[in-house]
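So this one's my_file.pdb, PDB, C-alpha atoms and all ligand atoms:
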```pdb
ATOM      1  CA  MET A   1     125.165  -6.965  84.826  1.00  0.00           C
ATOM      2  CA  ALA A   2     125.900  -4.261  82.285  1.00  0.00           C
ATOM      3  CA  ILE A   3     126.628  -0.708  83.414  1.00  0.00           C
ATOM      4  CA  PHE A   4     125.847   2.161  81.052  1.00  0.00           C
ATOM      5  CA  ALA A   5     127.692   5.435  81.738  1.00  0.00           C
ATOM      6  CA  SER A   6     128.556   8.640  79.909  1.00  0.00           C
ATOM      7  CA  GLY A   7     131.118  10.288  82.146  1.00  0.00           C
ATOM      8  CA  ALA A   8     133.763   9.824  84.797  1.00  0.00           C
ATOM      9  CA  GLY A   9     132.247   6.606  86.057  1.00  0.00           C
ATOM     10  CA  SER A  10     132.856   6.911  89.795  1.00  0.00           C
ATOM     11  CA  ASN A  11     129.532   5.165  90.451  1.00  0.00           C
ATOM     12  CA  ALA A  12     130.395   2.443  87.963  1.00  0.00           C
ATOM     13  CA  GLU A  13     133.695   1.939  89.790  1.00  0.00           C
ATOM     14  CA  LYS A  14     131.962   1.527  93.163  1.00  0.00           C
ATOM     15  CA  ILE A  15     129.597  -1.017  91.630  1.00  0.00           C
ATOM     16  CA  MET A  16     132.453  -2.976  89.996  1.00  0.00           C
ATOM     17  CA  GLU A  17     134.276  -2.950  93.339  1.00  0.00           C
ATOM     18  CA  HIS A  18     131.204  -4.113  95.237  1.00  0.00           C
ATOM     19  CA  PHE A  19     130.522  -7.077  92.956  1.00  0.00           C
ATOM     20  CA  GLU A  20     134.152  -7.985  92.202  1.00  0.00           C
ATOM     21  CA  ASN A  21     134.116 -11.138  94.333  1.00  0.00           C
ATOM     22  CA  HIS A  22     130.386 -11.634  94.577  1.00  0.00           C
ATOM     23  CA  PRO A  23     129.259 -15.277  94.451  1.00  0.00           C
ATOM     24  CA  SER A  24     126.347 -14.814  92.023  1.00  0.00           C
ATOM     25  CA  VAL A  25     126.462 -11.377  90.405  1.00  0.00           C
ATOM     26  CA  CYS A  26     129.155  -9.996  88.139  1.00  0.00           C
ATOM     27  CA  VAL A  27     129.686  -6.922  86.010  1.00  0.00           C
ATOM     28  CA  LYS A  28     130.215  -8.292  82.518  1.00  0.00           C
ATOM     29  CA  LEU A  29     130.096  -5.175  80.394  1.00  0.00           C
ATOM     30  CA  VAL A  30     130.473  -1.404  80.585  1.00  0.00           C
ATOM     31  CA  VAL A  31     128.703   0.510  77.837  1.00  0.00           C
ATOM     32  CA  ALA A  32     129.764   4.118  77.224  1.00  0.00           C
ATOM     33  CA  SER A  33     128.129   6.789  75.119  1.00  0.00           C
ATOM     34  CA  LYS A  34     131.454   8.562  74.434  1.00  0.00           C
ATOM     35  CA  LYS A  35     134.783   7.151  73.386  1.00  0.00           C
ATOM     36  CA  ASN A  36     136.655   9.375  75.855  1.00  0.00           C
ATOM     37  CA  ALA A  37     134.400   8.616  78.839  1.00  0.00           C
ATOM     38  CA  GLY A  38     136.485   8.151  81.995  1.00  0.00           C
ATOM     39  CA  VAL A  39     134.436   5.080  82.839  1.00  0.00           C
ATOM     40  CA  LEU A  40     136.269   3.149  80.100  1.00  0.00           C
ATOM     41  CA  ASP A  41     139.619   3.342  81.923  1.00  0.00           C
ATOM     42  CA  ARG A  42     137.973   2.285  85.157  1.00  0.00           C
ATOM     43  CA  ALA A  43     136.380  -0.730  83.436  1.00  0.00           C
ATOM     44  CA  ALA A  44     139.763  -1.680  81.973  1.00  0.00           C
ATOM     45  CA  ARG A  45     141.278  -1.623  85.468  1.00  0.00           C
ATOM     46  CA  PHE A  46     138.675  -4.159  86.573  1.00  0.00           C
ATOM     47  CA  GLY A  47     139.166  -6.238  83.434  1.00  0.00           C
ATOM     48  CA  VAL A  48     135.552  -5.612  82.392  1.00  0.00           C
ATOM     49  CA  GLU A  49     134.702  -5.660  78.686  1.00  0.00           C
ATOM     50  CA  THR A  50     133.660  -2.299  77.215  1.00  0.00           C
ATOM     51  CA  MET A  51     131.472  -1.194  74.349  1.00  0.00           C
ATOM     52  CA  ILE A  52     131.070   2.302  72.904  1.00  0.00           C
ATOM     53  CA  LEU A  53     127.771   3.312  71.371  1.00  0.00           C
ATOM     54  CA  ASN A  54     127.032   6.090  68.965  1.00  0.00           C
ATOM     55  CA  LYS A  55     123.635   7.762  68.778  1.00  0.00           C
ATOM     56  CA  THR A  56     122.583   5.997  65.575  1.00  0.00           C
ATOM     57  CA  ILE A  57     123.257   2.551  66.971  1.00  0.00           C
ATOM     58  CA  PHE A  58     121.597   3.408  70.265  1.00  0.00           C
ATOM     59  CA  PHE A  59     118.455   5.104  68.999  1.00  0.00           C
ATOM     60  CA  ASP A  60     117.881   3.478  65.610  1.00  0.00           C
ATOM     61  CA  THR A  61     118.980  -0.141  65.975  1.00  0.00           C
ATOM     62  CA  ASN A  62     118.557  -3.217  68.095  1.00  0.00           C
ATOM     63  CA  ILE A  63     122.184  -4.301  67.685  1.00  0.00           C
ATOM     64  CA  TYR A  64     123.329  -3.555  71.213  1.00  0.00           C
ATOM     65  CA  VAL A  65     120.213  -5.119  72.770  1.00  0.00           C
ATOM     66  CA  LYS A  66     121.178  -8.316  70.937  1.00  0.00           C
ATOM     67  CA  GLU A  67     124.752  -7.900  72.204  1.00  0.00           C
ATOM     68  CA  LEU A  68     123.452  -7.698  75.782  1.00  0.00           C
ATOM     69  CA  GLN A  69     121.318 -10.788  75.251  1.00  0.00           C
ATOM     70  CA  ASN A  70     124.220 -12.693  73.636  1.00  0.00           C
ATOM     71  CA  ARG A  71     126.232 -12.042  76.793  1.00  0.00           C
ATOM     72  CA  HIS A  72     123.314 -13.211  78.990  1.00  0.00           C
ATOM     73  CA  ILE A  73     123.033  -9.836  80.689  1.00  0.00           C
ATOM     74  CA  ASP A  74     120.143  -9.886  83.202  1.00  0.00           C
ATOM     75  CA  ILE A  75     120.245  -6.351  84.535  1.00  0.00           C
ATOM     76  CA  VAL A  76     121.209  -2.946  83.126  1.00  0.00           C
ATOM     77  CA  ILE A  77     122.451  -0.206  85.442  1.00  0.00           C
ATOM     78  CA  LEU A  78     122.425   3.409  84.287  1.00  0.00           C
ATOM     79  CA  ALA A  79     125.156   5.146  86.266  1.00  0.00           C
ATOM     80  CA  GLY A  80     125.365   8.680  84.940  1.00  0.00           C
ATOM     81  CA  PHE A  81     124.122   7.694  81.480  1.00  0.00           C
ATOM     82  CA  LEU A  82     122.757  10.749  79.719  1.00  0.00           C
ATOM     83  CA  TRP A  83     120.702   9.436  76.811  1.00  0.00           C
ATOM     84  CA  LYS A  84     117.041   8.585  77.257  1.00  0.00           C
ATOM     85  CA  VAL A  85     116.639   4.838  77.001  1.00  0.00           C
ATOM     86  CA  PRO A  86     114.670   3.795  73.892  1.00  0.00           C
ATOM     87  CA  ALA A  87     111.581   1.590  74.032  1.00  0.00           C
ATOM     88  CA  ASN A  88     113.294  -1.489  72.586  1.00  0.00           C
ATOM     89  CA  LEU A  89     115.721  -1.644  75.522  1.00  0.00           C
ATOM     90  CA  VAL A  90     112.950  -1.006  78.083  1.00  0.00           C
ATOM     91  CA  VAL A  91     110.831  -3.776  76.565  1.00  0.00           C
ATOM     92  CA  ALA A  92     113.724  -6.258  76.421  1.00  0.00           C
ATOM     93  CA  PHE A  93     114.696  -5.528  80.055  1.00  0.00           C
ATOM     94  CA  GLN A  94     111.319  -4.836  81.668  1.00  0.00           C
ATOM     95  CA  GLY A  95     111.809  -4.269  85.407  1.00  0.00           C
ATOM     96  CA  ARG A  96     115.532  -4.900  84.969  1.00  0.00           C
ATOM     97  CA  ILE A  97     116.912  -1.402  84.273  1.00  0.00           C
ATOM     98  CA  LEU A  98     117.876   0.779  87.249  1.00  0.00           C
ATOM     99  CA  ASN A  99     118.899   4.428  87.146  1.00  0.00           C
ATOM    100  CA  ILE A 100     120.372   6.763  89.711  1.00  0.00           C
ATOM    101  CA  HIS A 101     119.242  10.381  89.699  1.00  0.00           C
ATOM    102  CA  PRO A 102     121.113  13.053  91.680  1.00  0.00           C
ATOM    103  CA  ALA A 103     118.009  14.641  93.252  1.00  0.00           C
ATOM    104  CA  LEU A 104     114.822  13.732  95.056  1.00  0.00           C
ATOM    105  CA  LEU A 105     112.419  12.774  92.259  1.00  0.00           C
ATOM    106  CA  PRO A 106     109.741  13.615  91.270  1.00  0.00           C
ATOM    107  CA  GLY A 107     111.348  17.037  91.818  1.00  0.00           C
ATOM    108  CA  TYR A 108     114.229  18.135  89.616  1.00  0.00           C
ATOM    109  CA  GLY A 109     113.836  15.403  87.020  1.00  0.00           C
ATOM    110  CA  GLY A 110     113.129  15.283  83.311  1.00  0.00           C
ATOM    111  CA  LYS A 111     114.863  16.607  80.240  1.00  0.00           C
ATOM    112  CA  GLY A 112     117.860  18.847  80.918  1.00  0.00           C
ATOM    113  CA  MET A 113     117.975  17.867  84.598  1.00  0.00           C
ATOM    114  CA  TYR A 114     121.352  16.190  84.821  1.00  0.00           C
ATOM    115  CA  GLY A 115     124.734  16.777  86.442  1.00  0.00           C
ATOM    116  CA  HIS A 116     125.338  20.316  87.637  1.00  0.00           C
ATOM    117  CA  PHE A 117     122.108  21.627  86.118  1.00  0.00           C
ATOM    118  CA  VAL A 118     120.197  19.665  88.751  1.00  0.00           C
ATOM    119  CA  HIS A 119     122.286  21.029  91.625  1.00  0.00           C
ATOM    120  CA  GLU A 120     122.047  24.592  90.284  1.00  0.00           C
ATOM    121  CA  ALA A 121     118.259  24.302  90.078  1.00  0.00           C
ATOM    122  CA  VAL A 122     117.991  22.868  93.604  1.00  0.00           C
ATOM    123  CA  ILE A 123     120.125  25.693  95.024  1.00  0.00           C
ATOM    124  CA  ALA A 124     118.356  28.405  92.991  1.00  0.00           C
ATOM    125  CA  ALA A 125     115.006  27.213  94.366  1.00  0.00           C
ATOM    126  CA  GLY A 126     116.300  27.608  97.931  1.00  0.00           C
ATOM    127  CA  GLU A 127     115.752  23.945  98.820  1.00  0.00           C
ATOM    128  CA  LYS A 128     116.972  22.925 102.265  1.00  0.00           C
ATOM    129  CA  GLU A 129     117.321  19.305 101.243  1.00  0.00           C
ATOM    130  CA  SER A 130     118.388  17.294  98.214  1.00  0.00           C
ATOM    131  CA  GLY A 131     119.401  13.698  97.718  1.00  0.00           C
ATOM    132  CA  ILE A 132     119.438  10.719  95.405  1.00  0.00           C
ATOM    133  CA  THR A 133     116.760   8.566  93.830  1.00  0.00           C
ATOM    134  CA  ILE A 134     117.396   5.043  92.589  1.00  0.00           C
ATOM    135  CA  HIS A 135     114.514   3.943  90.414  1.00  0.00           C
ATOM    136  CA  LEU A 136     113.355   1.515  87.781  1.00  0.00           C
ATOM    137  CA  VAL A 137     113.456   2.825  84.239  1.00  0.00           C
ATOM    138  CA  ASP A 138     110.401   2.948  82.036  1.00  0.00           C
ATOM    139  CA  GLU A 139     109.732   4.823  78.814  1.00  0.00           C
ATOM    140  CA  VAL A 140     109.203   8.170  80.541  1.00  0.00           C
ATOM    141  CA  TYR A 141     112.329  10.049  81.599  1.00  0.00           C
ATOM    142  CA  ASP A 142     113.053   9.841  85.369  1.00  0.00           C
ATOM    143  CA  HIS A 143     109.653   8.270  85.938  1.00  0.00           C
ATOM    144  CA  GLY A 144     109.819   4.560  86.950  1.00  0.00           C
ATOM    145  CA  LYS A 145     109.096   3.133  90.400  1.00  0.00           C
ATOM    146  CA  HIS A 146     111.348   4.455  93.154  1.00  0.00           C
ATOM    147  CA  LEU A 147     113.445   1.813  94.878  1.00  0.00           C
ATOM    148  CA  TYR A 148     115.383   4.016  97.260  1.00  0.00           C
ATOM    149  CA  GLN A 149     115.950   7.639  98.255  1.00  0.00           C
ATOM    150  CA  ALA A 150     118.509   9.169 100.601  1.00  0.00           C
ATOM    151  CA  THR A 151     118.768  12.814 101.560  1.00  0.00           C
ATOM    152  CA  CYS A 152     121.405  15.390 102.384  1.00  0.00           C
ATOM    153  CA  SER A 153     121.168  18.964 103.605  1.00  0.00           C
ATOM    154  CA  VAL A 154     121.593  21.953 101.306  1.00  0.00           C
ATOM    155  CA  GLU A 155     123.253  24.833 103.131  1.00  0.00           C
ATOM    156  CA  PRO A 156     122.684  28.444 101.995  1.00  0.00           C
ATOM    157  CA  THR A 157     126.410  28.693 101.273  1.00  0.00           C
ATOM    158  CA  ASP A 158     126.610  25.491  99.187  1.00  0.00           C
ATOM    159  CA  SER A 159     127.803  25.862  95.597  1.00  0.00           C
ATOM    160  CA  PRO A 160     126.676  23.350  92.948  1.00  0.00           C
ATOM    161  CA  ASP A 161     130.105  21.726  93.390  1.00  0.00           C
ATOM    162  CA  ASP A 162     129.591  21.369  97.144  1.00  0.00           C
ATOM    163  CA  LEU A 163     126.220  19.780  96.578  1.00  0.00           C
ATOM    164  CA  ALA A 164     127.606  17.497  93.856  1.00  0.00           C
ATOM    165  CA  LYS A 165     130.140  16.193  96.391  1.00  0.00           C
ATOM    166  CA  LYS A 166     127.461  15.405  98.972  1.00  0.00           C
ATOM    167  CA  ILE A 167     125.347  13.694  96.336  1.00  0.00           C
ATOM    168  CA  HIS A 168     128.264  11.623  95.062  1.00  0.00           C
ATOM    169  CA  GLU A 169     128.957  10.460  98.613  1.00  0.00           C
ATOM    170  CA  LEU A 170     125.358   9.275  98.950  1.00  0.00           C
ATOM    171  CA  GLU A 171     125.494   7.569  95.556  1.00  0.00           C
ATOM    172  CA  HIS A 172     128.738   5.788  96.359  1.00  0.00           C
ATOM    173  CA  ARG A 173     127.420   4.652  99.729  1.00  0.00           C
ATOM    174  CA  HIS A 174     124.068   3.267  98.567  1.00  0.00           C
ATOM    175  CA  PHE A 175     123.846   2.415  94.867  1.00  0.00           C
ATOM    176  CA  ALA A 176     125.568  -0.984  94.817  1.00  0.00           C
ATOM    177  CA  ALA A 177     123.721  -2.200  97.919  1.00  0.00           C
ATOM    178  CA  VAL A 178     120.355  -1.169  96.455  1.00  0.00           C
ATOM    179  CA  ILE A 179     121.193  -3.063  93.247  1.00  0.00           C
ATOM    180  CA  GLU A 180     122.165  -6.142  95.238  1.00  0.00           C
ATOM    181  CA  ASN A 181     118.947  -6.018  97.307  1.00  0.00           C
ATOM    182  CA  TYR A 182     116.827  -5.573  94.206  1.00  0.00           C
ATOM    183  CA  ILE A 183     118.387  -8.631  92.573  1.00  0.00           C
ATOM    184  CA  GLN A 184     117.980 -10.715  95.711  1.00  0.00           C
ATOM    185  CA  GLU A 185     114.397  -9.642  96.273  1.00  0.00           C
ATOM    186  CA  ASN A 186     113.339 -10.482  92.713  1.00  0.00           C
ATOM    187  CA  PRO A 187     114.424 -14.052  92.038  1.00  0.00           C
ATOM    188  CA  VAL A 188     111.742 -14.418  89.359  1.00  0.00           C
ATOM    189  CA  LEU A 189     113.354 -11.623  87.320  1.00  0.00           C
ATOM    190  CA  PHE A 190     116.920 -12.764  87.915  1.00  0.00           C
ATOM    191  CA  GLY A 191     116.776 -16.545  87.825  1.00  0.00           C
ATOM    192  CA  ALA A 192     118.760 -18.177  90.585  1.00  0.00           C
ATOM    193  CA  ALA A 193     120.673 -15.055  91.645  1.00  0.00           C
TER     194      ALA A 193
HETATM  195  C1  LIG B   1     125.982  11.087  89.171  1.00  0.00           C
HETATM  196  O1  LIG B   1     125.799  12.115  90.096  1.00  0.00           O
HETATM  197  C2  LIG B   1     124.682  10.620  88.615  1.00  0.00           C
HETATM  198  O2  LIG B   1     123.635  10.627  89.520  1.00  0.00           O
HETATM  199  C3  LIG B   1     124.452  11.650  87.548  1.00  0.00           C
HETATM  200  O3  LIG B   1     125.718  11.824  86.944  1.00  0.00           O
HETATM  201  C4  LIG B   1     126.716  11.605  87.929  1.00  0.00           C
HETATM  202  C5  LIG B   1     127.679  10.591  87.372  1.00  0.00           C
HETATM  203  O4  LIG B   1     128.851  10.539  88.131  1.00  0.00           O
HETATM  204  N1  LIG B   1     123.394  11.323  86.658  1.00  0.00           N
HETATM  205  P1  LIG B   1     129.937   9.431  87.826  1.00  0.00           P
HETATM  206  O5  LIG B   1     130.188   9.403  86.325  1.00  0.00           O
HETATM  207  O6  LIG B   1     129.402   8.122  88.321  1.00  0.00           O
HETATM  208  O7  LIG B   1     131.154   9.854  88.576  1.00  0.00           O
END
```
Turn the structure described in the file into structure tokens.
Amino acid sequence: MAIFASGAGSNAEKIMEHFENHPSVCVKLVVASKKNAGVLDRAARFGVETMILNKTIFFDTNIYVKELQNRHIDIVILAGFLWKVPANLVVAFQGRILNIHPALLPGYGGKGMYGHFVHEAVIAAGEKESGITIHLVDEVYDHGKHLYQATCSVEPTDSPDDLAKKIHELEHRHFAAVIENYIQENPVLFGAA
């Protein structure tokens, strides 16, 4: 598995923890879109190799797709990765890229809907409920098939920070297990895993 992340990497950490002693799945690589992303320290603590991408390499080349293939990566996990995945990666990993979104898609998705902006929008709209969506990635932002959703309440007094905490709890509780189920339920995509 390769995990792509742009920020603190708390989801990446939970996933690395979950698969640390797994018999058939391992996290081989953490790919960051910033050289100061907190996820890099977390990967180092787990002894996982890291790679830092810049926009030119990511959007205009195939270099990193080749790097993933050279390392026999079977599945790509987007865990708080902010760039829209280009077609060459989607084509190379058809049905094998999963993303987590901090809201109940199809609501509150698309360009600009990330991090606190999502929680602000959910609160501003007076929603009583928010949650997480784990979905397959295709070429349209926040669009691929949903694999799993979980919900939490939004109280009238909740700040975006309060909501972010509830959402993180849901993410940490469910993401790794959903990844594991997806791998196990799709042996054709993942060989003998
Ligand atoms: C998560 O809430 C994720 O859904 C969103 O960005 C956040 C990343 O958190 N897209 P972390 O870096 O895993 O702590």
- Kindly provide, as a PyMOL selection string, the polymer residues lying within 10 Å of (122.4, 4.0, 79.3), counting all atoms listed in the file and using the coordinates exactly as they appear in the file. chain A and resi 2-6+30-33+53+58+76-86+89+97-99
Taken to one decimal, the CA of Met1 (chain A)-CA of Val27 (chain A) distance is 4.7 Å
- Identify, counting all atoms listed in the file, the protein, DNA and RNA residues located within 6 Å of ligand LIG 1 (chain B), and give them as a ChimeraX atom specification. /A:7-12,79-80,100-102,114-115,168
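With all atoms listed in the file as the atoms that count, the residue of A:Ala125, A:Leu105, A:Val178, A:Met16 with the shortest distance to Asp142 (chain A) is A:Leu105.
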Next item on the list: Please measure the separation of CA of Thr50 (chain A) and CA of Leu29 (chain A), giving the value in Å to one decimal.
Entry: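 Between CA of Thr50 (chain A) and CA of Leu29 (chain A) the gap works out to 5.6 Å.
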**Prompt:** Which is closest to Phe190 (chain A) among A:Ala103, A:Val137, A:Leu40, A:Ile75, if we use only C-alpha atoms?
**Reply:**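 Using only C-alpha atoms, Phe190 (chain A) sits closest to A:Ile75.
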(Q) Can you pull out the residues contacting His119 (chain A)? Cut-off 12 Å, using all atoms listed in the file, and skip same-chain residues under 4 positions away; I want them as a VMD selection string. (A) chain A and resid 101 to 104 107 to 109 112 to 115 123 to 127 129 to 132 154 158 to 168
_Straight-line distance linking CA of Val140 (chain A) with CA of Gly95 (chain A), stated in Å to one decimal_ =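 Straight-line distance from CA of Val140 (chain A) to CA of Gly95 (chain A) works out to 13.6 Å.
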Calculate, to one decimal in Å, the centre and edge lengths of the box along x, y and z of the file that holds all listed atoms of region 77-85 of chain A with 6 Å of margin on each side, and present them as AutoDock Vina command-line options.
```
--center_x 121.0 --center_y 5.3 --center_z 81.5 --size_x 20.7 --size_y 23.0 --size_z 21.5
```
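Taking all atoms listed in the file into account, Lys34 (chain A) lies nearest to A:Met51 out of the set A:Tyr141, A:Thr157, A:Met51, A:Ile63.
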Step by step, work through what the PyMOL selection byres (((chain A and resi 18) around 12) and not hetatm) selects in the shown file, and finish by giving those residues as a list in words.
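Applying the PyMOL selection byres (((chain A and resi 18) around 12) and not hetatm) to the structure shown produces Asn11, Ala12, Glu13, Lys14, Ile15, Met16, Glu17, Phe19, Glu20, Asn21, His22, Pro23, Val25, Cys26, Val27, Phe46, His172, Arg173, His174, Phe175, Ala176, Ala177, Val178, Ile179 and Glu180 of chain A.
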- Between A:Asn62, A:Ser24, A:Asn70, A:Gln149, which is the closest to Val90 (chain A) once you count all atoms listed in the file?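 Of A:Asn62, A:Ser24, A:Asn70, A:Gln149, the one nearest Val90 (chain A) is A:Asn62, counting all atoms listed in the file.
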Note to self: Env of Leu189 (chain A): 9 Å cut, atoms = all atoms listed in the file, seq-sep filter 3 positions within chain, self excluded. Answer as a VMD selection string.
What the structure shows: chain A and resid 74 95 to 96 183 186
Only C-alpha atoms, please: the residues just picked out, written as a PDB file, in the frame of the given file.
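Once written, again.pdb looks like this:
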```
ATOM      1  CA  ASP A  74     120.143  -9.886  83.202  1.00  0.00           C
ATOM      2  CA  GLY A  95     111.809  -4.269  85.407  1.00  0.00           C
ATOM      3  CA  ARG A  96     115.532  -4.900  84.969  1.00  0.00           C
ATOM      4  CA  ILE A 183     118.387  -8.631  92.573  1.00  0.00           C
ATOM      5  CA  ASN A 186     113.339 -10.482  92.713  1.00  0.00           C
TER       6      ASN A 186
END
```
